[in-house]
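**Student:** Handing you this structure, nothing more for now.
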Amino acid sequence: MKNLAIHGGQPVRKSFLTYGRQCISKEDIQAVVEVLKSEFLTTGPQIDKFEEKMKAFIGVNYAVAVSNGTAALHCACLAAGVSTGDEVITTPITFAASANAVLYCGGKPIFADVDPKTMNIDIDSIEKKITSKTKAIIVVDYTGQVNDMDRIMNIAKRHNLLVIEDAAHALGSTYNGVLIGSQADMTTFSFHPVKHITTGEGGMITTNNETLCTKLKLYRSHGITRDKELLLNHENASWYYEQQDLGYNYRITDIQCALGVSQMNRIDEFIRTRRALVQLYESYLVKIPEIRLPYQAAYSNSSWHLYVIRLRLELLTCDRNTIIEALRAENIGVNLHYIPVYLHPYYQSLGYNIGECRNAEEIYGDMITIPLHHNMDQDDVLLVYKALEKVINYYRKGK
Ligand SMILES: *Cc1c(COP(=O)(O)O)cnc(C)c1O
């Protein structure tokens, strides 16, 4: 038996492999440099270019670029009219931002449990949580696997609710063959460096609804408009602008958007790479019975932001955290996505209860995110497998 690195043995990999990271080309750098030499660093032509690029890729009428994915969610909640006392139903297995956006508006996030197979929000559980105060539903395409949007939009229509799809994980994923970004009332994206494409920090909201788009643009920039057709006071001066609502400075810079446009030139390649790495992972990992591979619903073709495996702890002599520490010592940068949002101390202080979403908590107990990004090659995948095999062999029951 090979000595685990955590016990002083040789690590499987020489250097640390992170779970996710950006992939920057010479063209990306050139695009950013060009903007730095140009007239506009912000509110210039690159914003439109990036929005046009995303609209064309997704096949949607409107796109509003903002400073980050959290700002995108906040603007979407504001445009949906979420305010004091409103309830918004969402999933606990997500980054806290999906629920925080509701709190920013004075609303109350209501956590519906997840489907243990897809790890996305359980649609039956959404229906049970709807009350007279419910205003919207925020679904999250966790890891890149999309939600069953036809069913969700149906429920929303019956109860007169808006649907926001947090697709921070799902740029390039398809629902029944159609790219994600036009199914919900509003879809939000993030361009943080671990996501499919990056702008450093950045986000986007896509929609087919013109009224929502107008609101999103207002909230992005202080609630101020210069659009002559939208002005409330009929002022004719060319310089004139007016604040019509309380918005924010959630603008994204031209520097970032130029990087976004350049990154989008490689989106197909990025998605192909991720899908190929996942296929290779699956071919290796099926050989380890202590590991449960991610389930994929038939309507979803994931672009794979994260690769999350689950451990069959009943077959192991240790807990999940021991496996994580042992893998990190082998220089495999495993991680955890996510602590169910309502278990965070802040949410506990708001009165959410432990045990509220049993499936989410069970999944949280045995999940591990293993590395997946465009800089990885077949050898990296093999080494992750070797490390998992080494660590799990050591902790296998009854060996
Ligand atoms: C990354 C992420 C966000 C937030 O995006 P930022 O750009 O970091 O603000 C929101 N929701 C989910 C599910 C995410 O993964």
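If you're wondering about the labels, chains in the structure tokens are A, B, ... by order shown, residues count from 1 in each chain, ligands from 1 in order shown.
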Can I get the residues close to ligand 1 as a PDB file with all heavy atoms, in the first residue's frame, where close means within 8 Å and we count only C-alpha atoms and all ligand atoms?
**Tutor:**
```pdb
ATOM      1  N   SER A  67     -21.424  44.628 -13.384  1.00  0.00           N
ATOM      2  CA  SER A  67     -20.091  44.512 -12.778  1.00  0.00           C
ATOM      3  C   SER A  67     -19.744  43.126 -12.244  1.00  0.00           C
ATOM      4  O   SER A  67     -18.571  42.797 -12.091  1.00  0.00           O
ATOM      5  CB  SER A  67     -19.942  45.554 -11.673  1.00  0.00           C
ATOM      6  OG  SER A  67     -21.048  45.480 -10.800  1.00  0.00           O
ATOM      7  N   ASN A  68     -20.740  42.313 -11.925  1.00  0.00           N
ATOM      8  CA  ASN A  68     -20.476  40.931 -11.480  1.00  0.00           C
ATOM      9  C   ASN A  68     -21.783  40.148 -11.446  1.00  0.00           C
ATOM     10  O   ASN A  68     -22.863  40.727 -11.642  1.00  0.00           O
ATOM     11  CB  ASN A  68     -19.767  40.902 -10.107  1.00  0.00           C
ATOM     12  CG  ASN A  68     -20.541  41.639  -9.037  1.00  0.00           C
ATOM     13  OD1 ASN A  68     -21.627  41.230  -8.668  1.00  0.00           O
ATOM     14  ND2 ASN A  68     -19.987  42.754  -8.571  1.00  0.00           N
ATOM     15  N   GLY A  69     -21.675  38.867 -11.207  1.00  0.00           N
ATOM     16  CA  GLY A  69     -22.856  37.999 -11.225  1.00  0.00           C
ATOM     17  C   GLY A  69     -23.822  38.300 -10.094  1.00  0.00           C
ATOM     18  O   GLY A  69     -25.040  38.098 -10.234  1.00  0.00           O
ATOM     19  N   THR A  70     -23.300  38.780  -8.976  1.00  0.00           N
ATOM     20  CA  THR A  70     -24.155  39.121  -7.845  1.00  0.00           C
ATOM     21  C   THR A  70     -24.971  40.369  -8.160  1.00  0.00           C
ATOM     22  O   THR A  70     -26.171  40.434  -7.861  1.00  0.00           O
ATOM     23  CB  THR A  70     -23.283  39.340  -6.587  1.00  0.00           C
ATOM     24  OG1 THR A  70     -22.484  38.164  -6.392  1.00  0.00           O
ATOM     25  CG2 THR A  70     -24.131  39.592  -5.362  1.00  0.00           C
ATOM     26  N   ALA A  71     -24.327  41.351  -8.806  1.00  0.00           N
ATOM     27  CA  ALA A  71     -25.041  42.556  -9.252  1.00  0.00           C
ATOM     28  C   ALA A  71     -26.126  42.173 -10.258  1.00  0.00           C
ATOM     29  O   ALA A  71     -27.227  42.744 -10.248  1.00  0.00           O
ATOM     30  CB  ALA A  71     -24.062  43.550  -9.873  1.00  0.00           C
ATOM     31  N   ALA A  72     -25.834  41.196 -11.110  1.00  0.00           N
ATOM     32  CA  ALA A  72     -26.822  40.716 -12.080  1.00  0.00           C
ATOM     33  C   ALA A  72     -28.051  40.175 -11.346  1.00  0.00           C
ATOM     34  O   ALA A  72     -29.198  40.488 -11.707  1.00  0.00           O
ATOM     35  CB  ALA A  72     -26.213  39.641 -12.981  1.00  0.00           C
ATOM     36  N   LEU A  73     -27.819  39.385 -10.297  1.00  0.00           N
ATOM     37  CA  LEU A  73     -28.930  38.830  -9.515  1.00  0.00           C
ATOM     38  C   LEU A  73     -29.692  39.933  -8.789  1.00  0.00           C
ATOM     39  O   LEU A  73     -30.926  39.907  -8.729  1.00  0.00           O
ATOM     40  CB  LEU A  73     -28.391  37.819  -8.491  1.00  0.00           C
ATOM     41  CG  LEU A  73     -28.010  36.453  -9.051  1.00  0.00           C
ATOM     42  CD1 LEU A  73     -27.081  35.712  -8.087  1.00  0.00           C
ATOM     43  CD2 LEU A  73     -29.260  35.621  -9.328  1.00  0.00           C
ATOM     44  N   THR A  94     -26.331  26.333  -3.488  1.00  0.00           N
ATOM     45  CA  THR A  94     -25.861  27.377  -4.392  1.00  0.00           C
ATOM     46  C   THR A  94     -24.912  28.282  -3.643  1.00  0.00           C
ATOM     47  O   THR A  94     -24.808  28.218  -2.420  1.00  0.00           O
ATOM     48  CB  THR A  94     -27.039  28.209  -4.948  1.00  0.00           C
ATOM     49  OG1 THR A  94     -26.532  29.160  -5.886  1.00  0.00           O
ATOM     50  CG2 THR A  94     -27.780  28.957  -3.845  1.00  0.00           C
ATOM     51  N   PHE A  95     -24.243  29.148  -4.399  1.00  0.00           N
ATOM     52  CA  PHE A  95     -23.442  30.192  -3.793  1.00  0.00           C
ATOM     53  C   PHE A  95     -24.396  31.175  -3.113  1.00  0.00           C
ATOM     54  O   PHE A  95     -25.482  31.449  -3.633  1.00  0.00           O
ATOM     55  CB  PHE A  95     -22.613  30.888  -4.880  1.00  0.00           C
ATOM     56  CG  PHE A  95     -21.664  31.906  -4.342  1.00  0.00           C
ATOM     57  CD1 PHE A  95     -20.737  31.572  -3.368  1.00  0.00           C
ATOM     58  CD2 PHE A  95     -21.696  33.213  -4.797  1.00  0.00           C
ATOM     59  CE1 PHE A  95     -19.861  32.522  -2.866  1.00  0.00           C
ATOM     60  CE2 PHE A  95     -20.832  34.163  -4.302  1.00  0.00           C
ATOM     61  CZ  PHE A  95     -19.904  33.823  -3.331  1.00  0.00           C
ATOM     62  N   ALA A  96     -23.996  31.688  -1.950  1.00  0.00           N
ATOM     63  CA  ALA A  96     -24.883  32.523  -1.125  1.00  0.00           C
ATOM     64  C   ALA A  96     -25.508  33.682  -1.896  1.00  0.00           C
ATOM     65  O   ALA A  96     -26.616  34.132  -1.570  1.00  0.00           O
ATOM     66  CB  ALA A  96     -24.117  33.040   0.086  1.00  0.00           C
ATOM     67  N   ALA A  97     -24.812  34.173  -2.949  1.00  0.00           N
ATOM     68  CA  ALA A  97     -25.298  35.335  -3.700  1.00  0.00           C
ATOM     69  C   ALA A  97     -26.714  35.142  -4.240  1.00  0.00           C
ATOM     70  O   ALA A  97     -27.484  36.111  -4.318  1.00  0.00           O
ATOM     71  CB  ALA A  97     -24.345  35.652  -4.852  1.00  0.00           C
ATOM     72  N   SER A  98     -27.073  33.912  -4.619  1.00  0.00           N
ATOM     73  CA  SER A  98     -28.413  33.668  -5.184  1.00  0.00           C
ATOM     74  C   SER A  98     -29.498  34.079  -4.203  1.00  0.00           C
ATOM     75  O   SER A  98     -30.553  34.571  -4.602  1.00  0.00           O
ATOM     76  CB  SER A  98     -28.623  32.188  -5.546  1.00  0.00           C
ATOM     77  OG  SER A  98     -27.513  31.632  -6.168  1.00  0.00           O
ATOM     78  N   VAL A 140     -31.257  27.665  -9.885  1.00  0.00           N
ATOM     79  CA  VAL A 140     -29.816  27.682 -10.147  1.00  0.00           C
ATOM     80  C   VAL A 140     -29.466  26.415 -10.929  1.00  0.00           C
ATOM     81  O   VAL A 140     -29.844  25.312 -10.524  1.00  0.00           O
ATOM     82  CB  VAL A 140     -29.013  27.714  -8.826  1.00  0.00           C
ATOM     83  CG1 VAL A 140     -27.512  27.685  -9.099  1.00  0.00           C
ATOM     84  CG2 VAL A 140     -29.386  28.931  -7.991  1.00  0.00           C
ATOM     85  N   ASP A 141     -28.786  26.587 -12.052  1.00  0.00           N
ATOM     86  CA  ASP A 141     -28.367  25.421 -12.846  1.00  0.00           C
ATOM     87  C   ASP A 141     -27.064  24.902 -12.249  1.00  0.00           C
ATOM     88  O   ASP A 141     -25.972  25.151 -12.777  1.00  0.00           O
ATOM     89  CB  ASP A 141     -28.179  25.821 -14.308  1.00  0.00           C
ATOM     90  CG  ASP A 141     -29.451  26.384 -14.914  1.00  0.00           C
ATOM     91  OD1 ASP A 141     -30.527  25.822 -14.651  1.00  0.00           O
ATOM     92  OD2 ASP A 141     -29.364  27.386 -15.651  1.00  0.00           O
ATOM     93  N   TYR A 142     -27.216  24.164 -11.165  1.00  0.00           N
ATOM     94  CA  TYR A 142     -26.059  23.756 -10.368  1.00  0.00           C
ATOM     95  C   TYR A 142     -25.107  22.853 -11.157  1.00  0.00           C
ATOM     96  O   TYR A 142     -25.547  21.875 -11.763  1.00  0.00           O
ATOM     97  CB  TYR A 142     -26.567  23.032  -9.111  1.00  0.00           C
ATOM     98  CG  TYR A 142     -25.493  22.453  -8.239  1.00  0.00           C
ATOM     99  CD1 TYR A 142     -24.599  23.275  -7.560  1.00  0.00           C
ATOM    100  CD2 TYR A 142     -25.372  21.080  -8.084  1.00  0.00           C
ATOM    101  CE1 TYR A 142     -23.611  22.736  -6.756  1.00  0.00           C
ATOM    102  CE2 TYR A 142     -24.399  20.529  -7.277  1.00  0.00           C
ATOM    103  CZ  TYR A 142     -23.519  21.362  -6.616  1.00  0.00           C
ATOM    104  OH  TYR A 142     -22.547  20.831  -5.829  1.00  0.00           O
ATOM    105  N   ASP A 166     -30.434  31.590 -12.295  1.00  0.00           N
ATOM    106  CA  ASP A 166     -29.026  31.886 -12.008  1.00  0.00           C
ATOM    107  C   ASP A 166     -28.201  30.851 -12.784  1.00  0.00           C
ATOM    108  O   ASP A 166     -28.058  29.703 -12.366  1.00  0.00           O
ATOM    109  CB  ASP A 166     -28.770  31.804 -10.500  1.00  0.00           C
ATOM    110  CG  ASP A 166     -27.316  32.076 -10.127  1.00  0.00           C
ATOM    111  OD1 ASP A 166     -26.458  32.094 -11.038  1.00  0.00           O
ATOM    112  OD2 ASP A 166     -27.037  32.249  -8.927  1.00  0.00           O
ATOM    113  N   ALA A 167     -27.697  31.295 -13.943  1.00  0.00           N
ATOM    114  CA  ALA A 167     -26.960  30.397 -14.835  1.00  0.00           C
ATOM    115  C   ALA A 167     -25.457  30.665 -14.756  1.00  0.00           C
ATOM    116  O   ALA A 167     -24.733  30.479 -15.735  1.00  0.00           O
ATOM    117  CB  ALA A 167     -27.469  30.538 -16.270  1.00  0.00           C
ATOM    118  N   ALA A 168     -24.998  31.089 -13.570  1.00  0.00           N
ATOM    119  CA  ALA A 168     -23.562  31.344 -13.374  1.00  0.00           C
ATOM    120  C   ALA A 168     -22.736  30.096 -13.719  1.00  0.00           C
ATOM    121  O   ALA A 168     -21.580  30.200 -14.102  1.00  0.00           O
ATOM    122  CB  ALA A 168     -23.301  31.770 -11.939  1.00  0.00           C
ATOM    123  N   HIS A 169     -23.356  28.899 -13.588  1.00  0.00           N
ATOM    124  CA  HIS A 169     -22.640  27.657 -13.877  1.00  0.00           C
ATOM    125  C   HIS A 169     -22.910  27.139 -15.285  1.00  0.00           C
ATOM    126  O   HIS A 169     -22.368  26.097 -15.649  1.00  0.00           O
ATOM    127  CB  HIS A 169     -23.102  26.545 -12.914  1.00  0.00           C
ATOM    128  CG  HIS A 169     -22.758  26.787 -11.485  1.00  0.00           C
ATOM    129  ND1 HIS A 169     -22.911  25.816 -10.512  1.00  0.00           N
ATOM    130  CD2 HIS A 169     -22.261  27.864 -10.850  1.00  0.00           C
ATOM    131  CE1 HIS A 169     -22.532  26.305  -9.338  1.00  0.00           C
ATOM    132  NE2 HIS A 169     -22.145  27.545  -9.515  1.00  0.00           N
ATOM    133  N   PHE A 189     -25.700  35.591 -15.484  1.00  0.00           N
ATOM    134  CA  PHE A 189     -24.420  34.912 -15.686  1.00  0.00           C
ATOM    135  C   PHE A 189     -23.332  35.603 -14.868  1.00  0.00           C
ATOM    136  O   PHE A 189     -23.481  36.777 -14.507  1.00  0.00           O
ATOM    137  CB  PHE A 189     -24.028  34.937 -17.170  1.00  0.00           C
ATOM    138  CG  PHE A 189     -24.984  34.183 -18.056  1.00  0.00           C
ATOM    139  CD1 PHE A 189     -26.044  34.838 -18.672  1.00  0.00           C
ATOM    140  CD2 PHE A 189     -24.842  32.817 -18.253  1.00  0.00           C
ATOM    141  CE1 PHE A 189     -26.939  34.153 -19.478  1.00  0.00           C
ATOM    142  CE2 PHE A 189     -25.735  32.118 -19.060  1.00  0.00           C
ATOM    143  CZ  PHE A 189     -26.782  32.785 -19.671  1.00  0.00           C
ATOM    144  N   SER A 190     -22.248  34.884 -14.600  1.00  0.00           N
ATOM    145  CA  SER A 190     -21.093  35.450 -13.905  1.00  0.00           C
ATOM    146  C   SER A 190     -19.845  35.166 -14.736  1.00  0.00           C
ATOM    147  O   SER A 190     -19.727  34.103 -15.346  1.00  0.00           O
ATOM    148  CB  SER A 190     -20.933  34.798 -12.528  1.00  0.00           C
ATOM    149  OG  SER A 190     -19.624  35.014 -12.023  1.00  0.00           O
ATOM    150  N   PHE A 191     -18.929  36.135 -14.725  1.00  0.00           N
ATOM    151  CA  PHE A 191     -17.665  35.946 -15.457  1.00  0.00           C
ATOM    152  C   PHE A 191     -16.473  36.017 -14.520  1.00  0.00           C
ATOM    153  O   PHE A 191     -15.406  36.523 -14.862  1.00  0.00           O
ATOM    154  CB  PHE A 191     -17.567  36.977 -16.596  1.00  0.00           C
ATOM    155  CG  PHE A 191     -18.818  37.032 -17.434  1.00  0.00           C
ATOM    156  CD1 PHE A 191     -19.536  38.218 -17.570  1.00  0.00           C
ATOM    157  CD2 PHE A 191     -19.313  35.881 -18.044  1.00  0.00           C
ATOM    158  CE1 PHE A 191     -20.708  38.258 -18.312  1.00  0.00           C
ATOM    159  CE2 PHE A 191     -20.492  35.909 -18.786  1.00  0.00           C
ATOM    160  CZ  PHE A 191     -21.189  37.105 -18.921  1.00  0.00           C
ATOM    161  N   HIS A 192     -16.672  35.497 -13.311  1.00  0.00           N
ATOM    162  CA  HIS A 192     -15.584  35.321 -12.352  1.00  0.00           C
ATOM    163  C   HIS A 192     -14.582  34.324 -12.971  1.00  0.00           C
ATOM    164  O   HIS A 192     -14.976  33.453 -13.755  1.00  0.00           O
ATOM    165  CB  HIS A 192     -16.183  34.774 -11.043  1.00  0.00           C
ATOM    166  CG  HIS A 192     -15.174  34.514  -9.981  1.00  0.00           C
ATOM    167  ND1 HIS A 192     -14.440  33.347  -9.940  1.00  0.00           N
ATOM    168  CD2 HIS A 192     -14.763  35.259  -8.933  1.00  0.00           C
ATOM    169  CE1 HIS A 192     -13.617  33.404  -8.906  1.00  0.00           C
ATOM    170  NE2 HIS A 192     -13.793  34.545  -8.278  1.00  0.00           N
ATOM    171  N   VAL A 194     -13.261  31.556 -12.336  1.00  0.00           N
ATOM    172  CA  VAL A 194     -13.472  30.090 -12.361  1.00  0.00           C
ATOM    173  C   VAL A 194     -14.608  29.674 -13.298  1.00  0.00           C
ATOM    174  O   VAL A 194     -14.774  28.492 -13.574  1.00  0.00           O
ATOM    175  CB  VAL A 194     -13.743  29.497 -10.952  1.00  0.00           C
ATOM    176  CG1 VAL A 194     -12.548  29.699 -10.045  1.00  0.00           C
ATOM    177  CG2 VAL A 194     -15.019  30.059 -10.334  1.00  0.00           C
ATOM    178  N   LYS A 195     -15.384  30.637 -13.811  1.00  0.00           N
ATOM    179  CA  LYS A 195     -16.533  30.303 -14.655  1.00  0.00           C
ATOM    180  C   LYS A 195     -16.092  30.011 -16.093  1.00  0.00           C
ATOM    181  O   LYS A 195     -14.912  30.078 -16.400  1.00  0.00           O
ATOM    182  CB  LYS A 195     -17.565  31.432 -14.594  1.00  0.00           C
ATOM    183  CG  LYS A 195     -17.951  31.845 -13.156  1.00  0.00           C
ATOM    184  CD  LYS A 195     -18.844  30.835 -12.445  1.00  0.00           C
ATOM    185  CE  LYS A 195     -18.869  30.969 -10.941  1.00  0.00           C
ATOM    186  NZ  LYS A 195     -19.653  32.061 -10.398  1.00  0.00           N
ATOM    187  N   GLU A 201     -13.920  40.316 -13.033  1.00  0.00           N
ATOM    188  CA  GLU A 201     -15.236  40.320 -12.414  1.00  0.00           C
ATOM    189  C   GLU A 201     -16.196  40.736 -13.513  1.00  0.00           C
ATOM    190  O   GLU A 201     -15.844  41.569 -14.355  1.00  0.00           O
ATOM    191  CB  GLU A 201     -15.334  41.324 -11.255  1.00  0.00           C
ATOM    192  CG  GLU A 201     -14.391  41.084 -10.093  1.00  0.00           C
ATOM    193  CD  GLU A 201     -14.887  40.030  -9.110  1.00  0.00           C
ATOM    194  OE1 GLU A 201     -15.980  39.465  -9.324  1.00  0.00           O
ATOM    195  OE2 GLU A 201     -14.161  39.767  -8.134  1.00  0.00           O
ATOM    196  N   GLY A 202     -17.393  40.211 -13.495  1.00  0.00           N
ATOM    197  CA  GLY A 202     -18.354  40.621 -14.516  1.00  0.00           C
ATOM    198  C   GLY A 202     -19.602  39.773 -14.442  1.00  0.00           C
ATOM    199  O   GLY A 202     -19.602  38.687 -13.854  1.00  0.00           O
ATOM    200  N   GLY A 203     -20.678  40.306 -15.007  1.00  0.00           N
ATOM    201  CA  GLY A 203     -21.939  39.563 -15.012  1.00  0.00           C
ATOM    202  C   GLY A 203     -22.821  40.042 -16.145  1.00  0.00           C
ATOM    203  O   GLY A 203     -22.518  41.029 -16.821  1.00  0.00           O
TER     204      GLY A 203
END
```
**Student:** From stretch 192-275 of chain A, collect each residue whose DSSP state is alpha helix (DSSP H) and return the set as a PyMOL selection string.
**Tutor:** chain A and resi 210-220+254-264+267-275
**Student:** Given the selection you just returned, output its residues as a file containing N, CA and C atoms, formatted as a compact mmCIF listing (two decimals), in the first residue's frame.
**Tutor:**
```
# COMPACT_ATOMS: atom_id res chain seq x y z
N GLU A 210 -38.74 43.34 -23.06
CA GLU A 210 -38.20 44.70 -23.23
C GLU A 210 -38.36 45.55 -21.97
N THR A 211 -39.51 45.42 -21.31
CA THR A 211 -39.77 46.20 -20.09
C THR A 211 -38.75 45.85 -19.02
N LEU A 212 -38.49 44.56 -18.86
CA LEU A 212 -37.50 44.13 -17.86
C LEU A 212 -36.12 44.67 -18.23
N CYS A 213 -35.78 44.64 -19.52
CA CYS A 213 -34.48 45.12 -19.97
C CYS A 213 -34.31 46.60 -19.63
N THR A 214 -35.35 47.39 -19.87
CA THR A 214 -35.29 48.83 -19.55
C THR A 214 -35.03 49.03 -18.07
N LYS A 215 -35.73 48.26 -17.22
CA LYS A 215 -35.53 48.36 -15.76
C LYS A 215 -34.11 47.96 -15.37
N LEU A 216 -33.62 46.88 -15.97
CA LEU A 216 -32.27 46.40 -15.63
C LEU A 216 -31.23 47.46 -15.93
N LYS A 217 -31.41 48.16 -17.07
CA LYS A 217 -30.45 49.20 -17.44
C LYS A 217 -30.51 50.38 -16.47
N LEU A 218 -31.70 50.68 -15.99
CA LEU A 218 -31.84 51.75 -14.99
C LEU A 218 -31.12 51.36 -13.69
N TYR A 219 -31.39 50.16 -13.20
CA TYR A 219 -30.79 49.75 -11.92
C TYR A 219 -29.27 49.61 -12.02
N ARG A 220 -28.77 49.32 -13.22
CA ARG A 220 -27.33 49.20 -13.42
C ARG A 220 -26.62 50.52 -13.18
N ASP A 254 -15.13 48.92 -20.04
CA ASP A 254 -14.77 48.50 -21.40
C ASP A 254 -13.58 47.55 -21.37
N ILE A 255 -12.71 47.75 -20.40
CA ILE A 255 -11.54 46.86 -20.26
C ILE A 255 -12.02 45.43 -20.08
N GLN A 256 -12.99 45.27 -19.17
CA GLN A 256 -13.53 43.94 -18.89
C GLN A 256 -14.31 43.37 -20.08
N CYS A 257 -15.11 44.24 -20.71
CA CYS A 257 -15.93 43.75 -21.82
C CYS A 257 -15.09 43.33 -23.02
N ALA A 258 -13.96 44.02 -23.24
CA ALA A 258 -13.07 43.62 -24.33
C ALA A 258 -12.53 42.22 -24.07
N LEU A 259 -12.21 41.96 -22.82
CA LEU A 259 -11.77 40.61 -22.45
C LEU A 259 -12.91 39.61 -22.66
N GLY A 260 -14.11 40.02 -22.30
CA GLY A 260 -15.28 39.15 -22.47
C GLY A 260 -15.52 38.80 -23.93
N VAL A 261 -15.44 39.80 -24.82
CA VAL A 261 -15.64 39.56 -26.25
C VAL A 261 -14.59 38.57 -26.75
N SER A 262 -13.35 38.79 -26.35
CA SER A 262 -12.26 37.93 -26.80
C SER A 262 -12.42 36.50 -26.25
N GLN A 263 -12.84 36.39 -25.01
CA GLN A 263 -13.06 35.06 -24.42
C GLN A 263 -14.21 34.33 -25.13
N MET A 264 -15.24 35.09 -25.51
CA MET A 264 -16.39 34.47 -26.19
C MET A 264 -16.00 33.89 -27.55
N ILE A 267 -15.58 30.29 -26.77
CA ILE A 267 -16.55 29.62 -25.90
C ILE A 267 -16.82 28.16 -26.33
N ASP A 268 -16.90 27.94 -27.63
CA ASP A 268 -17.19 26.57 -28.10
C ASP A 268 -16.07 25.62 -27.70
N GLU A 269 -14.84 26.10 -27.85
CA GLU A 269 -13.67 25.29 -27.48
C GLU A 269 -13.66 25.02 -25.97
N PHE A 270 -13.98 26.07 -25.18
CA PHE A 270 -14.01 25.90 -23.73
C PHE A 270 -15.01 24.80 -23.33
N ILE A 271 -16.18 24.85 -23.94
CA ILE A 271 -17.23 23.88 -23.58
C ILE A 271 -16.82 22.47 -24.04
N ARG A 272 -16.28 22.39 -25.25
CA ARG A 272 -15.81 21.08 -25.76
C ARG A 272 -14.79 20.47 -24.80
N THR A 273 -13.82 21.29 -24.37
CA THR A 273 -12.78 20.80 -23.46
C THR A 273 -13.39 20.27 -22.17
N ARG A 274 -14.29 21.05 -21.58
CA ARG A 274 -14.90 20.63 -20.32
C ARG A 274 -15.66 19.32 -20.49
N ARG A 275 -16.41 19.22 -21.59
CA ARG A 275 -17.19 17.98 -21.80
C ARG A 275 -16.27 16.79 -22.02
```
**Student:** Can you work out the spacing between atom CA of A:Gln378 and atom CA of A:Ile24 in Å, to one decimal?
**Tutor:**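 Here the two named atoms are 19.8 Å from each other.
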**Student:** For A:Leu293, please output as a list in words all residues within 9 Å (counting only C-alpha atoms; exclusion window: fewer than 6 positions along the same chain).
**Tutor:**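 In the requested form, the answer reads Glu282, Leu285, Val286, Tyr307, Val308, Ile309 and Arg310 of chain A.
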**Student:** When distances are computed from only C-alpha atoms, which of A:Leu383, A:Thr188, A:Leu232, A:Thr118 shows the smallest separation from A:Ser300?
**Tutor:**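 Closest to A:Ser300 of all the choices is A:Thr118.
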**Student:** Could you go through stretch 255-342 of chain A and tell me which residues DSSP, when run on the backbone, assigns to strand (DSSP E or B), listing them as a ChimeraX atom specification?
**Tutor:** /A:291-292,300-301,307-311,316,332,335
**Student:** What does the distance between atom CA of A:Arg158 and atom CA of A:Ala184 come to in Å, to one decimal place?
**Tutor:** 14.6 Å
**Student:** Quick one: pull the distance between atom CA of A:Ser132 and atom CA of A:Thr90, Å, one decimal.
**Tutor:**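 Atom-to-atom, atom CA of A:Ser132 and atom CA of A:Thr90 are spaced 16.2 Å apart.
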**Student:** If you count only C-alpha atoms, which residues fall within 12 Å of stretch 357-360 of chain A, apart from same-chain ones fewer than 3 positions away, as a ChimeraX atom specification?
**Tutor:** /A:90-94,110-122,125,337-343,352-354,363-367
**Student:** Those residues you just picked out, can you put them in a file as a CSV table (one decimal), in the first residue's frame with C-alpha atoms?
**Tutor:**
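Written out: part15.csv:
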```csv
chain,number,residue,atom,x,y,z
A,90,THR,CA,-34.7,29.3,-4.2
A,91,THR,CA,-32.4,26.4,-3.7
A,92,PRO,CA,-30.0,26.0,-0.7
A,93,ILE,CA,-27.3,24.2,-2.9
A,94,THR,CA,-25.9,27.4,-4.4
A,110,ILE,CA,-37.5,30.6,1.1
A,111,PHE,CA,-35.5,27.5,0.6
A,112,ALA,CA,-37.1,24.6,-1.2
A,113,ASP,CA,-35.2,21.3,-1.0
A,114,VAL,CA,-33.3,19.8,-3.9
A,115,ASP,CA,-33.9,16.7,-6.0
A,116,PRO,CA,-31.2,14.2,-4.7
A,117,LYS,CA,-30.5,13.1,-8.3
A,118,THR,CA,-30.0,16.4,-10.1
A,119,MET,CA,-29.1,18.4,-7.0
A,120,ASN,CA,-31.2,21.2,-8.5
A,121,ILE,CA,-34.3,22.6,-6.8
A,122,ASP,CA,-37.0,20.0,-6.4
A,125,SER,CA,-41.1,21.3,-3.3
A,337,HIS,CA,-19.7,23.5,-3.5
A,338,TYR,CA,-21.8,24.4,-1.4
A,339,ILE,CA,-22.6,24.7,2.3
A,340,PRO,CA,-26.5,24.8,2.1
A,341,VAL,CA,-27.0,28.6,2.3
A,342,TYR,CA,-29.3,28.6,5.3
A,343,LEU,CA,-26.6,26.8,7.4
A,352,TYR,CA,-33.5,29.6,9.4
A,353,ASN,CA,-33.6,26.1,10.9
A,354,ILE,CA,-31.1,23.2,10.6
A,363,ILE,CA,-25.7,15.8,-0.2
A,364,TYR,CA,-23.6,18.5,1.6
A,365,GLY,CA,-22.3,15.7,3.9
A,366,ASP,CA,-20.7,13.6,1.2
A,367,MET,CA,-20.0,15.8,-1.8
```
**Student:** Restricting the calculation to only C-alpha atoms, which member of A:Phe40, A:Tyr281, A:Tyr250, A:Tyr175 is positioned closest to A:Ile370?
**Tutor:** A:Tyr281
**Student:** Quick one: everything within 8 Å of A:Ser173, counting only C-alpha atoms, minus sequence neighbours fewer than 3 positions away in the same chain. Send it as JSON, numbers by chain.
**Tutor:** {"A": [144, 145, 146, 170, 179, 180, 300, 301, 302, 303, 304]}
